[in-house]
Structure formats: C-alpha cells, structure tokens
file work24.csv (CSV, C-alpha atoms)
chain,number,residue,atom,x,y,z
A,1,MET,CA,0.0,0.0,0.0
A,2,ASP,CA,1.2,3.5,-0.8
A,3,GLU,CA,2.0,5.7,2.1
A,4,ILE,CA,0.4,9.0,1.5
A,5,SER,CA,0.0,11.3,4.5
A,6,ALA,CA,-2.0,14.4,4.0
A,7,SER,CA,-1.1,17.0,6.6
A,8,THR,CA,-4.0,17.6,9.0
A,9,TYR,CA,-5.3,20.7,7.4
A,10,GLN,CA,-5.5,19.1,4.0
A,11,CYS,CA,-7.2,15.9,5.1
A,12,SER,CA,-10.9,15.5,4.5
A,13,VAL,CA,-11.1,13.1,7.5
A,14,ALA,CA,-9.6,15.8,9.7
A,15,ARG,CA,-11.9,18.4,8.3
A,16,THR,CA,-15.0,16.3,9.0
A,17,VAL,CA,-13.8,15.4,12.5
A,18,GLU,CA,-13.4,19.1,13.2
A,19,VAL,CA,-17.1,19.6,12.4
A,20,VAL,CA,-18.7,16.4,13.8
A,21,GLY,CA,-16.0,14.8,15.9
A,22,GLU,CA,-17.2,16.2,19.2
A,23,ARG,CA,-19.0,13.5,21.2
A,24,TRP,CA,-22.2,15.5,21.9
A,25,THR,CA,-22.4,16.7,18.3
A,26,MET,CA,-22.4,13.1,17.0
A,27,LEU,CA,-25.1,12.1,19.4
A,28,ILE,CA,-27.2,15.1,18.5
A,29,LEU,CA,-26.9,14.1,14.8
A,30,ARG,CA,-27.8,10.5,15.8
A,31,GLU,CA,-31.0,12.0,17.3
A,32,ALA,CA,-31.7,14.0,14.2
A,33,PHE,CA,-31.5,10.8,12.0
A,34,LEU,CA,-33.7,9.0,14.5
A,35,GLY,CA,-36.3,11.8,14.0
A,36,VAL,CA,-35.8,13.5,17.3
A,37,LYS,CA,-35.8,17.2,16.3
A,38,ARG,CA,-37.1,19.2,19.3
A,39,PHE,CA,-34.8,20.8,21.7
A,40,ASP,CA,-36.5,19.5,24.8
A,41,HIS,CA,-36.6,15.9,23.4
A,42,ILE,CA,-33.0,15.9,22.5
A,43,GLN,CA,-32.1,17.3,25.9
A,44,ARG,CA,-34.1,14.7,27.6
A,45,ASP,CA,-32.7,11.8,25.5
A,46,LEU,CA,-29.1,12.8,25.9
A,47,GLY,CA,-29.2,14.1,29.4
A,48,ILE,CA,-27.1,17.0,28.2
A,49,ALA,CA,-26.9,20.3,29.9
A,50,ARG,CA,-29.1,22.9,28.2
A,51,ASN,CA,-26.3,25.4,27.6
A,52,ILE,CA,-24.1,22.7,26.0
A,53,LEU,CA,-26.9,21.5,23.8
A,54,SER,CA,-27.7,25.1,22.8
A,55,ASP,CA,-24.1,25.7,21.9
A,56,ARG,CA,-23.7,22.5,19.9
A,57,LEU,CA,-27.0,23.1,18.0
A,58,GLY,CA,-25.9,26.6,17.3
A,59,LYS,CA,-22.6,25.4,15.8
A,60,LEU,CA,-24.5,22.8,13.6
A,61,VAL,CA,-26.8,25.6,12.4
A,62,ASP,CA,-23.8,27.8,11.6
A,63,GLN,CA,-22.2,25.0,9.7
A,64,GLY,CA,-25.4,24.6,7.6
A,65,ILE,CA,-25.9,21.1,8.9
A,66,LEU,CA,-29.2,21.8,10.8
A,67,GLU,CA,-31.8,24.4,10.3
A,68,LYS,CA,-33.7,25.9,13.2
A,69,ARG,CA,-37.5,26.3,12.9
A,70,GLN,CA,-39.9,27.7,15.5
A,71,TYR,CA,-42.8,25.3,16.0
A,72,SER,CA,-44.5,27.1,18.9
A,73,GLU,CA,-44.9,30.8,19.6
A,74,ARG,CA,-46.1,30.7,23.2
A,75,PRO,CA,-44.0,29.4,24.6
A,76,ALA,CA,-41.3,29.9,22.0
A,77,ARG,CA,-40.0,26.4,21.1
A,78,PHE,CA,-37.7,25.3,18.3
A,79,GLU,CA,-36.9,22.2,16.4
A,80,TYR,CA,-33.8,21.4,14.3
A,81,ARG,CA,-34.0,19.7,11.0
A,82,LEU,CA,-31.2,18.2,8.9
A,83,THR,CA,-30.3,20.1,5.7
A,84,ALA,CA,-29.2,18.3,2.6
A,85,LYS,CA,-25.6,18.9,3.8
A,86,GLY,CA,-26.6,17.3,7.2
A,87,ARG,CA,-28.3,14.4,5.5
A,88,ASP,CA,-25.0,13.7,3.8
A,89,LEU,CA,-23.7,12.7,7.2
A,90,HIS,CA,-25.9,9.7,7.2
A,91,PRO,CA,-23.3,7.2,6.0
A,92,ILE,CA,-21.1,8.3,8.9
A,93,VAL,CA,-23.8,7.6,11.5
A,94,VAL,CA,-24.7,4.3,9.8
A,95,THR,CA,-21.1,3.1,9.7
A,96,LEU,CA,-20.5,4.2,13.3
A,97,MET,CA,-23.6,2.2,14.3
A,98,GLN,CA,-22.6,-0.8,12.4
A,99,TRP,CA,-19.2,-1.0,14.1
A,100,GLY,CA,-20.9,-0.6,17.4
A,101,ASP,CA,-23.4,-3.3,16.6
A,102,LYS,CA,-20.6,-5.7,15.7
A,103,HIS,CA,-18.0,-4.9,18.3
A,104,ALA,CA,-19.6,-3.1,21.2
A,105,ALA,CA,-23.1,-4.4,21.5
A,106,GLY,CA,-24.2,-6.6,24.3
A,107,PRO,CA,-25.2,-10.3,24.0
A,108,ASP,CA,-28.8,-9.3,22.9
A,109,GLY,CA,-27.5,-7.7,19.7
A,110,ALA,CA,-28.2,-4.4,18.0
A,111,PRO,CA,-30.3,-1.9,19.9
A,112,VAL,CA,-31.6,-0.4,16.6
A,113,GLU,CA,-32.0,-1.9,13.2
A,114,LEU,CA,-32.5,-0.1,9.9
A,115,VAL,CA,-35.3,-0.9,7.6
A,116,HIS,CA,-34.7,-0.2,3.9
A,117,GLU,CA,-37.9,1.2,2.5
A,118,ALA,CA,-37.0,0.3,-1.1
A,119,CYS,CA,-37.2,-3.4,-0.3
A,120,GLY,CA,-38.8,-3.4,3.1
A,121,GLN,CA,-36.1,-5.6,4.7
A,122,THR,CA,-33.9,-5.0,7.7
A,123,THR,CA,-30.6,-3.9,6.1
A,124,THR,CA,-27.0,-4.2,7.0
A,125,PRO,CA,-25.7,-1.6,4.5
A,126,LEU,CA,-22.3,-2.2,2.9
A,127,LEU,CA,-19.9,0.1,1.0
A,128,VAL,CA,-19.5,-0.7,-2.6
A,129,CYS,CA,-17.5,0.8,-5.5
A,130,ASP,CA,-19.6,3.3,-7.5
A,131,GLY,CA,-17.8,2.0,-10.6
A,132,CYS,CA,-18.0,-1.7,-10.5
A,133,GLY,CA,-20.5,-2.3,-7.6
A,134,GLU,CA,-18.2,-4.7,-5.8
A,135,PRO,CA,-17.5,-4.3,-2.0
A,136,VAL,CA,-14.9,-1.8,-0.9
A,137,HIS,CA,-13.0,-2.6,2.3
A,138,ALA,CA,-9.7,-1.9,3.9
A,139,LEU,CA,-7.8,-4.6,2.0
A,140,ASN,CA,-8.9,-3.8,-1.5
A,141,VAL,CA,-8.5,0.0,-1.8
A,142,HIS,CA,-5.4,2.1,-1.6
A,143,PRO,CA,-5.1,5.9,-1.4
A,144,ALA,CA,-3.8,8.0,-4.3
A,145,ARG,CA,-2.9,11.7,-4.5
A,146,GLY,CA,-6.0,13.7,-5.3
A,147,PRO,CA,-6.2,17.1,-7.0
A,148,GLY,CA,-6.4,18.9,-3.6
A,149,LEU,CA,-3.1,17.6,-2.3
A,150,LEU,CA,-0.6,20.4,-2.4
A,151,ALA,CA,2.8,19.5,-3.7
A,152,GLY,CA,5.6,19.5,-1.1
A,153,SER,CA,3.4,18.8,1.9
A,154,THR,CA,3.2,15.1,1.6
A,155,THR,CA,5.4,12.3,2.8
A,156,ALA,CA,5.8,8.9,1.4
B,1,MET,CA,-40.2,8.1,10.4
B,2,ASP,CA,-40.5,6.4,13.7
B,3,GLU,CA,-39.0,8.1,16.6
B,4,ILE,CA,-36.8,5.7,18.4
B,5,SER,CA,-34.4,7.0,20.9
B,6,ALA,CA,-31.9,4.6,22.4
B,7,SER,CA,-30.5,5.9,25.6
B,8,THR,CA,-26.8,6.6,25.3
B,9,TYR,CA,-25.5,3.5,26.9
B,10,GLN,CA,-27.5,1.3,24.6
B,11,CYS,CA,-26.7,3.0,21.4
B,12,SER,CA,-24.1,1.6,19.0
B,13,VAL,CA,-23.3,5.1,17.7
B,14,ALA,CA,-22.5,6.2,21.2
B,15,ARG,CA,-20.5,3.1,21.9
B,16,THR,CA,-18.4,3.6,18.8
B,17,VAL,CA,-17.9,7.3,19.5
B,18,GLU,CA,-16.7,6.4,23.0
B,19,VAL,CA,-14.0,4.3,21.3
B,20,VAL,CA,-13.0,6.4,18.3
B,21,GLY,CA,-14.7,9.7,18.8
B,22,GLU,CA,-11.6,11.5,20.2
B,23,ARG,CA,-10.1,13.7,17.6
B,24,TRP,CA,-6.5,12.4,17.8
B,25,THR,CA,-7.7,8.8,17.8
B,26,MET,CA,-9.5,9.3,14.5
B,27,LEU,CA,-6.5,10.9,12.9
B,28,ILE,CA,-4.3,8.0,14.2
B,29,LEU,CA,-6.7,5.6,12.6
B,30,ARG,CA,-6.6,7.6,9.3
B,31,GLU,CA,-2.8,7.2,9.4
B,32,ALA,CA,-3.1,3.5,9.9
B,33,PHE,CA,-5.4,3.1,6.9
B,34,LEU,CA,-3.0,5.3,4.9
B,35,GLY,CA,-0.3,2.7,5.8
B,36,VAL,CA,1.6,4.9,8.3
B,37,LYS,CA,2.3,2.5,11.2
B,38,ARG,CA,5.5,3.6,12.9
B,39,PHE,CA,5.3,5.8,16.0
B,40,ASP,CA,7.8,8.3,14.8
B,41,HIS,CA,6.0,8.7,11.4
B,42,ILE,CA,2.6,9.1,13.0
B,43,GLN,CA,4.1,11.6,15.4
B,44,ARG,CA,5.7,13.6,12.6
B,45,ASP,CA,2.6,13.6,10.4
B,46,LEU,CA,0.1,14.7,13.1
B,47,GLY,CA,2.4,17.0,15.0
B,48,ILE,CA,1.1,15.4,18.1
B,49,ALA,CA,2.9,15.4,21.5
B,50,ARG,CA,4.6,12.1,22.1
B,51,ASN,CA,2.9,11.4,25.4
B,52,ILE,CA,-0.5,12.0,23.9
B,53,LEU,CA,0.2,9.8,20.9
B,54,SER,CA,1.5,7.1,23.3
B,55,ASP,CA,-1.6,7.3,25.4
B,56,ARG,CA,-4.0,7.1,22.4
B,57,LEU,CA,-2.1,4.2,20.8
B,58,GLY,CA,-2.1,2.4,24.1
B,59,LYS,CA,-5.9,2.7,24.3
B,60,LEU,CA,-6.3,1.5,20.8
B,61,VAL,CA,-4.1,-1.5,21.6
B,62,ASP,CA,-6.2,-2.2,24.8
B,63,GLN,CA,-9.4,-2.0,22.7
B,64,GLY,CA,-8.0,-4.6,20.3
B,65,ILE,CA,-8.0,-2.2,17.4
B,66,LEU,CA,-4.3,-1.9,16.9
B,67,GLU,CA,-1.6,-4.4,17.7
B,68,LYS,CA,1.9,-3.3,18.7
B,69,ARG,CA,5.0,-4.9,17.1
B,70,GLN,CA,8.6,-4.2,17.7
B,71,TYR,CA,10.4,-3.7,14.4
B,72,SER,CA,13.8,-2.6,15.7
B,73,GLU,CA,15.7,-3.7,18.8
B,74,ARG,CA,18.4,-1.1,19.0
B,75,PRO,CA,17.0,1.4,19.3
B,76,ALA,CA,13.7,-0.2,20.4
B,77,ARG,CA,11.1,1.0,18.0
B,78,PHE,CA,7.5,0.0,17.5
B,79,GLU,CA,4.8,-0.1,14.8
B,80,TYR,CA,1.1,-0.4,15.2
B,81,ARG,CA,-1.0,-2.5,12.8
B,82,LEU,CA,-4.7,-2.7,12.4
B,83,THR,CA,-6.3,-5.8,13.7
B,84,ALA,CA,-9.4,-7.3,12.0
B,85,LYS,CA,-11.5,-5.3,14.5
B,86,GLY,CA,-9.6,-2.2,13.5
B,87,ARG,CA,-10.0,-2.8,9.8
B,88,ASP,CA,-13.8,-2.9,10.4
B,89,LEU,CA,-13.4,0.8,11.1
B,90,HIS,CA,-12.6,1.4,7.5
B,91,PRO,CA,-16.1,2.4,6.4
B,92,ILE,CA,-16.2,5.1,9.1
B,93,VAL,CA,-12.9,6.6,7.9
B,94,VAL,CA,-14.1,6.4,4.2
B,95,THR,CA,-17.4,8.0,4.9
B,96,LEU,CA,-15.8,10.8,7.0
B,97,MET,CA,-13.4,11.4,4.1
B,98,GLN,CA,-16.2,11.5,1.6
B,99,TRP,CA,-18.2,14.1,3.5
B,100,GLY,CA,-15.1,16.2,3.9
B,101,ASP,CA,-14.3,15.9,0.2
B,102,LYS,CA,-17.8,17.1,-0.7
B,103,HIS,CA,-18.4,19.7,1.9
B,104,ALA,CA,-15.1,20.8,3.4
B,105,ALA,CA,-12.5,20.5,0.6
B,106,GLY,CA,-10.9,23.5,-1.1
B,107,PRO,CA,-11.5,24.5,-4.7
B,108,ASP,CA,-8.9,22.0,-5.9
B,109,GLY,CA,-11.0,19.0,-4.7
B,110,ALA,CA,-10.2,15.9,-2.7
B,111,PRO,CA,-6.7,15.7,-1.3
B,112,VAL,CA,-6.7,11.9,-1.4
B,113,GLU,CA,-8.6,9.6,-3.7
B,114,LEU,CA,-9.3,5.9,-3.3
B,115,VAL,CA,-8.4,3.4,-5.9
B,116,HIS,CA,-10.5,0.2,-5.9
B,117,GLU,CA,-8.1,-2.6,-6.7
B,118,ALA,CA,-10.9,-5.0,-7.9
B,119,CYS,CA,-11.6,-2.7,-10.9
B,120,GLY,CA,-8.6,-0.4,-10.9
B,121,GLN,CA,-10.7,2.7,-10.9
B,122,THR,CA,-10.8,5.7,-8.6
B,123,THR,CA,-13.9,5.0,-6.5
B,124,THR,CA,-16.5,7.0,-4.6
B,125,PRO,CA,-17.9,4.3,-2.4
B,126,LEU,CA,-21.6,4.3,-1.7
B,127,LEU,CA,-23.7,2.5,0.9
B,128,VAL,CA,-26.1,0.0,-0.5
B,129,CYS,CA,-28.6,-2.4,1.1
B,130,ASP,CA,-27.1,-5.9,1.6
B,131,GLY,CA,-30.4,-7.4,0.6
B,132,CYS,CA,-31.5,-5.6,-2.6
B,133,GLY,CA,-28.3,-3.9,-3.6
B,134,GLU,CA,-30.0,-0.5,-3.9
B,135,PRO,CA,-28.6,2.7,-2.3
B,136,VAL,CA,-29.2,3.4,1.3
B,137,HIS,CA,-29.6,7.0,2.3
B,138,ALA,CA,-31.1,9.2,5.0
B,139,LEU,CA,-34.5,9.4,3.2
B,140,ASN,CA,-35.1,5.7,2.5
B,141,VAL,CA,-34.3,4.0,5.7
B,142,HIS,CA,-36.0,4.2,9.1
B,143,PRO,CA,-34.9,2.8,12.4
B,144,ALA,CA,-36.7,-0.1,14.1
B,145,ARG,CA,-36.3,-1.6,17.6
B,146,GLY,CA,-33.5,-4.2,17.5
B,147,PRO,CA,-33.1,-7.1,19.9
B,148,GLY,CA,-30.7,-5.2,22.1
B,149,LEU,CA,-33.1,-2.4,22.9
B,150,LEU,CA,-34.3,-2.9,26.5
B,151,ALA,CA,-38.0,-2.5,27.1
B,152,GLY,CA,-38.9,0.5,29.1
B,153,SER,CA,-35.9,2.6,28.3
B,154,THR,CA,-37.1,3.9,25.0
B,155,THR,CA,-39.1,6.9,24.1
B,156,ALA,CA,-41.3,7.5,21.1
call {"tool": "encode", "arguments": {"input": "work24.csv", "output": "structure tokens"}}
result
Amino acid sequence: MDEISASTYQCSVARTVEVVGERWTMLILREAFLGVKRFDHIQRDLGIARNILSDRLGKLVDQGILEKRQYSERPARFEYRLTAKGRDLHPIVVTLMQWGDKHAAGPDGAPVELVHEACGQTTTPLLVCDGCGEPVHALNVHPARGPGLLAGSTTA
Amino acid sequence: MDEISASTYQCSVARTVEVVGERWTMLILREAFLGVKRFDHIQRDLGIARNILSDRLGKLVDQGILEKRQYSERPARFEYRLTAKGRDLHPIVVTLMQWGDKHAAGPDGAPVELVHEACGQTTTPLLVCDGCGEPVHALNVHPARGPGLLAGSTTA
C-alpha cells in the first residue's frame, strides 16, 4: 500500500472530524437521524446540559448542517432539521452504528435496526464501489494523491 | 419516520464514539489506513505530542483495534498495525473522508482519492442495502427496535 500522508489541514477526514468529531455533536446528529428534532426531546434523551446543547446546536446551524425552525410561539419552542448537507452525514452515522453493533453491543445484539424502505427488509448496509459495484474494504482499496493535495506537503 | 431514541449507553453510535470519537484517535486511525504505522512517522505527520500519541495508541491496543509490534531492537522501535476489528473501522474513515471531500475541501478538490483494486478505478464508495443492492440514504431507511433495545428505556 502506498504511504500517503496528508497533513492535517488538508485531510478530509480531519476536516470532517473538526465539524462532527465532538462527542455530543455526533449524538445530536444521531438523534436527528432518529427523527428527534425538538430541543426538549434531544435534551431529555441525551441528558445533556441545556447550555451545552444550545451551543452544539448553534454550531451545527452555523455549519449549515441543521436548520432551526420555530414550531410554537407561546412558549417559543424550536426544532432542528437536517439540511441536505446534514443528511450527507448519514453514511457516517450508519457506519458508526454498524461497528458498534458488531464490536460493542451486548449479547442481545443491535439496539436499533435499519429498515430499507425500497425493499422493506432489515438492512446491513455495505460500502461498494460506485464504478463496479463490488464491495470496498480496507484490504482492496489504496489511497492515491488527489487534486487537492498540495505538492511538497506530503510524505511517502 | 418512527422516533426511536436509544439511551446513550444502549446506542451503537454512542459506543463507537466512545472508542474512536476522540479527535486524535480518529487521525491516528486515518494514518493506519494510509499505511503509516510507525510511532515516529505518525508523530511527525500529526504533529502530536509524544505522550498524547503514546496514550492514544495504548488505548487502541487495549481495545484490540491496533496491535503493537517491535520492528527494531536497538533502538527499540514499534509499529502499530490494524487488527481485523480495527479494519472494520474502514467504512467510518471512508465516509468521514467523503463528507469532507464534498463539503469541506478547497477548490482543488479531494486531497486523497481511493483506488479500488478490484476494478482499478478511482472510487467514490456508496452505501447499499445488503439485501437488494440499492442505495441506502437518510431518506429511504428508518430505524426499528432491535433485539438489544431494552424494554422501558425507549421513548417515542
């Protein structure tokens, strides 16, 4: 395997971790994908301090990942919906869940399953190549320099 | 969409975030998948303090995600290889990378591309249903209670 090391500021993994790598943030996104959108519901589910939740939600709104909507005027209450950019985080949440199901679940198995509406079955999604449709895994892909890799800042 | 909220301790996302959600840990794993295995190389690439790197590597070894091997006796030097459990984290790293490529890369595009060795092409992996083979995304799956979800600890 080639050794390509993108320095942190150039790496798409690092950039994404900067946005969603904070623990509470990922759990807030999990709630969003589970359909839990209202401040009070998220707060109750996560047992998170209100000021921390407010801070993390504000950052996700600033990033364009969630949008804030008022659903009640008196009292003023808000819900947070995933934008298209936010919905693009779905594969990350799914793959985090799958690893946890396989390696960190208790003897009873997965707490949550996913139903694929296209076929109606419980699904265990897998990553495939968009070109040939065959599975992609750690042992059959290797990294190559992309157009965004600046010359001179890589090591081999 | 059903509203199923697994409490934190039951959720596979949360369990995985507990293991790999720390920022340095995810970057160390990125290095591992890029083929960078040696302590000094990881340290140089990430610009991470040696004591922090040592701590994070030790935790990954304790979790069974990396295994430590000595590759030089004098001086004593070590490298860290992904175990099978560690390689199962590959989809998480790939999906983190993809989101960053799409939403956080500069105008030049992706810093790193993935080549799928089965077909030889640059690949943009996608998640598909293991049953029907059709794409899985945020709008066509919904969560259902799995066997590991304890009765009485869920909210709807």
call {"tool": "atom_distance", "arguments": {"input": "work24.csv", "atom1": "CA of Asp101 in chain A", "atom2": "CA of Pro91 in chain B"}}
result
13.8 Å
call {"tool": "calpha_fit_and_write", "arguments": {"input": "work24.csv", "fixed": "chain B", "moving": "chain A", "output": "short mmCIF file (atom, residue, chain, number, x, y, z; two decimals) with C-alpha atoms, keeping the file's coordinate frame"}}
result
data_model
loop_
_atom_site.label_atom_id
_atom_site.label_comp_id
_atom_site.auth_asym_id
_atom_site.auth_seq_id
_atom_site.Cartn_x
_atom_site.Cartn_y
_atom_site.Cartn_z
CA MET A 1 -40.26 8.25 10.37
CA ASP A 2 -40.47 6.43 13.69
CA GLU A 3 -38.96 8.14 16.63
CA ILE A 4 -36.88 5.66 18.45
CA SER A 5 -34.32 7.02 20.91
CA ALA A 6 -31.94 4.57 22.39
CA SER A 7 -30.52 5.89 25.65
CA THR A 8 -26.81 6.67 25.32
CA TYR A 9 -25.53 3.54 26.87
CA GLN A 10 -27.57 1.34 24.59
CA CYS A 11 -26.71 3.12 21.36
CA SER A 12 -24.16 1.57 19.05
CA VAL A 13 -23.31 5.07 17.69
CA ALA A 14 -22.55 6.21 21.23
CA ARG A 15 -20.52 3.14 21.92
CA THR A 16 -18.37 3.63 18.82
CA VAL A 17 -17.92 7.34 19.52
CA GLU A 18 -16.67 6.42 22.98
CA VAL A 19 -13.92 4.32 21.38
CA VAL A 20 -13.00 6.37 18.26
CA GLY A 21 -14.67 9.72 18.78
CA GLU A 22 -11.61 11.46 20.17
CA ARG A 23 -10.07 13.73 17.52
CA TRP A 24 -6.49 12.38 17.79
CA THR A 25 -7.70 8.78 17.80
CA MET A 26 -9.53 9.28 14.48
CA LEU A 27 -6.50 10.84 12.91
CA ILE A 28 -4.26 8.07 14.15
CA LEU A 29 -6.66 5.52 12.55
CA ARG A 30 -6.63 7.65 9.35
CA GLU A 31 -2.82 7.18 9.40
CA ALA A 32 -3.12 3.48 9.96
CA PHE A 33 -5.42 3.12 6.84
CA LEU A 34 -3.01 5.28 4.87
CA GLY A 35 -0.23 2.77 5.81
CA VAL A 36 1.55 4.94 8.29
CA LYS A 37 2.27 2.47 11.13
CA ARG A 38 5.46 3.67 12.90
CA PHE A 39 5.31 5.72 15.96
CA ASP A 40 7.78 8.32 14.80
CA HIS A 41 5.98 8.71 11.41
CA ILE A 42 2.64 9.14 12.96
CA GLN A 43 4.05 11.66 15.41
CA ARG A 44 5.64 13.57 12.67
CA ASP A 45 2.52 13.56 10.42
CA LEU A 46 0.15 14.64 13.13
CA GLY A 47 2.38 16.95 15.03
CA ILE A 48 1.05 15.36 18.19
CA ALA A 49 2.82 15.39 21.46
CA ARG A 50 4.61 12.10 22.13
CA ASN A 51 2.88 11.42 25.44
CA ILE A 52 -0.57 12.00 23.88
CA LEU A 53 0.21 9.77 20.95
CA SER A 54 1.55 7.08 23.32
CA ASP A 55 -1.60 7.25 25.37
CA ARG A 56 -3.96 7.12 22.40
CA LEU A 57 -2.04 4.19 20.81
CA GLY A 58 -2.11 2.42 24.10
CA LYS A 59 -5.90 2.78 24.35
CA LEU A 60 -6.31 1.47 20.70
CA VAL A 61 -4.13 -1.53 21.61
CA ASP A 62 -6.21 -2.18 24.72
CA GLN A 63 -9.36 -2.00 22.70
CA GLY A 64 -7.95 -4.63 20.28
CA ILE A 65 -8.06 -2.17 17.43
CA LEU A 66 -4.23 -1.97 16.86
CA GLU A 67 -1.53 -4.40 17.63
CA LYS A 68 1.92 -3.26 18.66
CA ARG A 69 4.97 -4.94 17.05
CA GLN A 70 8.64 -4.18 17.68
CA TYR A 71 10.44 -3.66 14.37
CA SER A 72 13.83 -2.59 15.75
CA GLU A 73 15.71 -3.77 18.82
CA ARG A 74 18.42 -1.12 19.03
CA PRO A 75 16.99 1.32 19.33
CA ALA A 76 13.70 -0.18 20.43
CA ARG A 77 11.05 1.04 17.93
CA PHE A 78 7.46 -0.06 17.45
CA GLU A 79 4.86 -0.01 14.79
CA TYR A 80 1.06 -0.39 15.13
CA ARG A 81 -0.96 -2.46 12.79
CA LEU A 82 -4.74 -2.63 12.40
CA THR A 83 -6.42 -5.84 13.64
CA ALA A 84 -9.42 -7.27 11.91
CA LYS A 85 -11.54 -5.35 14.48
CA GLY A 86 -9.58 -2.14 13.49
CA ARG A 87 -10.01 -2.84 9.82
CA ASP A 88 -13.73 -2.86 10.44
CA LEU A 89 -13.44 0.85 11.08
CA HIS A 90 -12.65 1.45 7.50
CA PRO A 91 -16.16 2.41 6.39
CA ILE A 92 -16.14 5.06 9.11
CA VAL A 93 -12.92 6.65 7.84
CA VAL A 94 -14.12 6.40 4.22
CA THR A 95 -17.47 8.03 4.97
CA LEU A 96 -15.81 10.74 7.07
CA MET A 97 -13.48 11.44 4.12
CA GLN A 98 -16.21 11.51 1.64
CA TRP A 99 -18.18 14.14 3.57
CA GLY A 100 -15.06 16.15 3.88
CA ASP A 101 -14.33 15.85 0.20
CA LYS A 102 -17.82 17.08 -0.65
CA HIS A 103 -18.37 19.76 1.94
CA ALA A 104 -15.06 20.86 3.37
CA ALA A 105 -12.52 20.53 0.64
CA GLY A 106 -10.98 23.48 -1.05
CA PRO A 107 -11.54 24.53 -4.70
CA ASP A 108 -8.85 21.98 -5.91
CA GLY A 109 -10.95 19.03 -4.73
CA ALA A 110 -10.13 15.93 -2.74
CA PRO A 111 -6.68 15.72 -1.21
CA VAL A 112 -6.76 11.87 -1.42
CA GLU A 113 -8.61 9.57 -3.71
CA LEU A 114 -9.24 5.85 -3.27
CA VAL A 115 -8.38 3.36 -5.88
CA HIS A 116 -10.45 0.16 -5.91
CA GLU A 117 -8.10 -2.68 -6.67
CA ALA A 118 -10.89 -4.99 -7.87
CA CYS A 119 -11.56 -2.75 -10.85
CA GLY A 120 -8.59 -0.44 -10.80
CA GLN A 121 -10.71 2.75 -10.91
CA THR A 122 -10.81 5.72 -8.59
CA THR A 123 -13.89 4.98 -6.44
CA THR A 124 -16.45 7.05 -4.70
CA PRO A 125 -17.87 4.25 -2.50
CA LEU A 126 -21.59 4.30 -1.73
CA LEU A 127 -23.70 2.48 0.91
CA VAL A 128 -26.06 -0.04 -0.45
CA CYS A 129 -28.60 -2.46 1.07
CA ASP A 130 -27.07 -5.92 1.62
CA GLY A 131 -30.48 -7.35 0.66
CA CYS A 132 -31.49 -5.70 -2.50
CA GLY A 133 -28.24 -3.83 -3.52
CA GLU A 134 -30.00 -0.51 -3.94
CA PRO A 135 -28.56 2.71 -2.33
CA VAL A 136 -29.29 3.38 1.31
CA HIS A 137 -29.51 7.03 2.37
CA ALA A 138 -31.15 9.15 4.97
CA LEU A 139 -34.51 9.38 3.19
CA ASN A 140 -35.08 5.74 2.45
CA VAL A 141 -34.30 3.94 5.74
CA HIS A 142 -36.01 4.21 9.07
CA PRO A 143 -34.90 2.79 12.44
CA ALA A 144 -36.68 -0.13 14.12
CA ARG A 145 -36.28 -1.63 17.60
CA GLY A 146 -33.52 -4.20 17.54
CA PRO A 147 -33.07 -7.19 19.86
CA GLY A 148 -30.65 -5.21 22.11
CA LEU A 149 -33.09 -2.46 22.97
CA LEU A 150 -34.24 -2.96 26.51
CA ALA A 151 -37.91 -2.53 27.11
CA GLY A 152 -38.89 0.57 29.13
CA SER A 153 -35.87 2.65 28.21
CA THR A 154 -37.08 3.97 24.95
CA THR A 155 -39.18 6.93 23.99
CA ALA A 156 -41.31 7.40 21.00
#
call {"tool": "residues_around", "arguments": {"input": "work24.csv", "residues": "Arg30 in chain B", "least_positions_apart": "5", "cutoff": "9 Å", "atoms": "only C-alpha atoms", "output": "PDB file with C-alpha atoms, in the coordinates of the input"}}
result
ATOM      1  CA  SER A   5       0.000  11.300   4.500  1.00  0.00           C
ATOM      2  CA  VAL A  13     -11.100  13.100   7.500  1.00  0.00           C
ATOM      3  CA  ALA A  14      -9.600  15.800   9.700  1.00  0.00           C
TER       4      ALA A  14
ATOM      5  CA  THR B  25      -7.700   8.800  17.800  1.00  0.00           C
ATOM      6  CA  GLY B  35      -0.300   2.700   5.800  1.00  0.00           C
ATOM      7  CA  VAL B  36       1.600   4.900   8.300  1.00  0.00           C
ATOM      8  CA  HIS B  90     -12.600   1.400   7.500  1.00  0.00           C
ATOM      9  CA  VAL B  93     -12.900   6.600   7.900  1.00  0.00           C
TER      10      VAL B  93
END
call {"tool": "atom_distance", "arguments": {"input": "work24.csv", "atom1": "CA of His142 in chain B", "atom2": "CA of Asp45 in chain A"}}
result
18.4 Å
call {"tool": "closest_residue", "arguments": {"input": "work24.csv", "among": "B:Ile65, B:Ala76, B:Cys11, B:Leu149", "to": "Leu89 in chain B", "atoms": "all atoms listed in the file"}}
result
B:Ile65
call {"tool": "closest_residue", "arguments": {"input": "work24.csv", "among": "B:Gly100, B:Pro107, B:Gly58, B:Pro135", "to": "chain A", "atoms": "only C-alpha atoms"}}
result
B:Gly100
call {"tool": "closest_residue", "arguments": {"input": "work24.csv", "among": "B:Pro143, B:Asp108, B:Leu53, B:Arg38", "to": "Arg81 in chain B", "atoms": "only C-alpha atoms"}}
result
B:Arg38
call {"tool": "closest_residue", "arguments": {"input": "work24.csv", "among": "A:Glu113, A:Asp62, A:Glu67, A:Glu73", "to": "chain B", "atoms": "all atoms listed in the file"}}
result
A:Glu113
call {"tool": "closest_residue", "arguments": {"input": "work24.csv", "among": "B:Leu82, B:Leu66, B:Leu46, B:Ala32", "to": "chain A", "atoms": "all atoms listed in the file"}}
result
B:Leu46
call {"tool": "atom_distance", "arguments": {"input": "work24.csv", "atom1": "CA of Lys68 in chain B", "atom2": "CA of Tyr80 in chain B"}}
result
4.6 Å
call {"tool": "residues_around", "arguments": {"input": "work24.csv", "residues": "Phe39 in chain A", "least_positions_apart": "6", "cutoff": "8 Å", "atoms": "only C-alpha atoms", "output": "PyMOL selection string"}}
result
chain A and resi 77-80
call {"tool": "closest_residue", "arguments": {"input": "work24.csv", "among": "B:Gly148, B:Gly133, B:Gly64, B:Gly86", "to": "chain A", "atoms": "all atoms listed in the file"}}
result
B:Gly148
call {"tool": "closest_atom_pairs", "arguments": {"input": "work24.csv", "of": "range 20-45 of chain A", "to": "range 18-23 of chain B", "cutoff": "8 Å", "atoms": "only C-alpha atoms", "output": "tab-separated table"}}
result
residue	atom	partner	partner_atom	distance
A:Gly21	CA	B:Gly21	CA	6.0
A:Glu22	CA	B:Gly21	CA	7.0
A:Arg23	CA	B:Gly21	CA	6.2
call {"tool": "residues_around", "arguments": {"input": "work24.csv", "residues": "Ala49 in chain A", "least_positions_apart": "6", "cutoff": "12 Å", "atoms": "only C-alpha atoms", "output": "short mmCIF file (atom, residue, chain, number, x, y, z; two decimals) with C-alpha atoms, keeping the file's coordinate frame"}}
result
data_model
loop_
_atom_site.label_atom_id
_atom_site.label_comp_id
_atom_site.auth_asym_id
_atom_site.auth_seq_id
_atom_site.Cartn_x
_atom_site.Cartn_y
_atom_site.Cartn_z
CA TRP A 24 -22.20 15.50 21.90
CA PHE A 39 -34.80 20.80 21.70
CA ASP A 40 -36.50 19.50 24.80
CA ILE A 42 -33.00 15.90 22.50
CA GLN A 43 -32.10 17.30 25.90
CA ASP A 55 -24.10 25.70 21.90
CA ARG A 56 -23.70 22.50 19.90
#
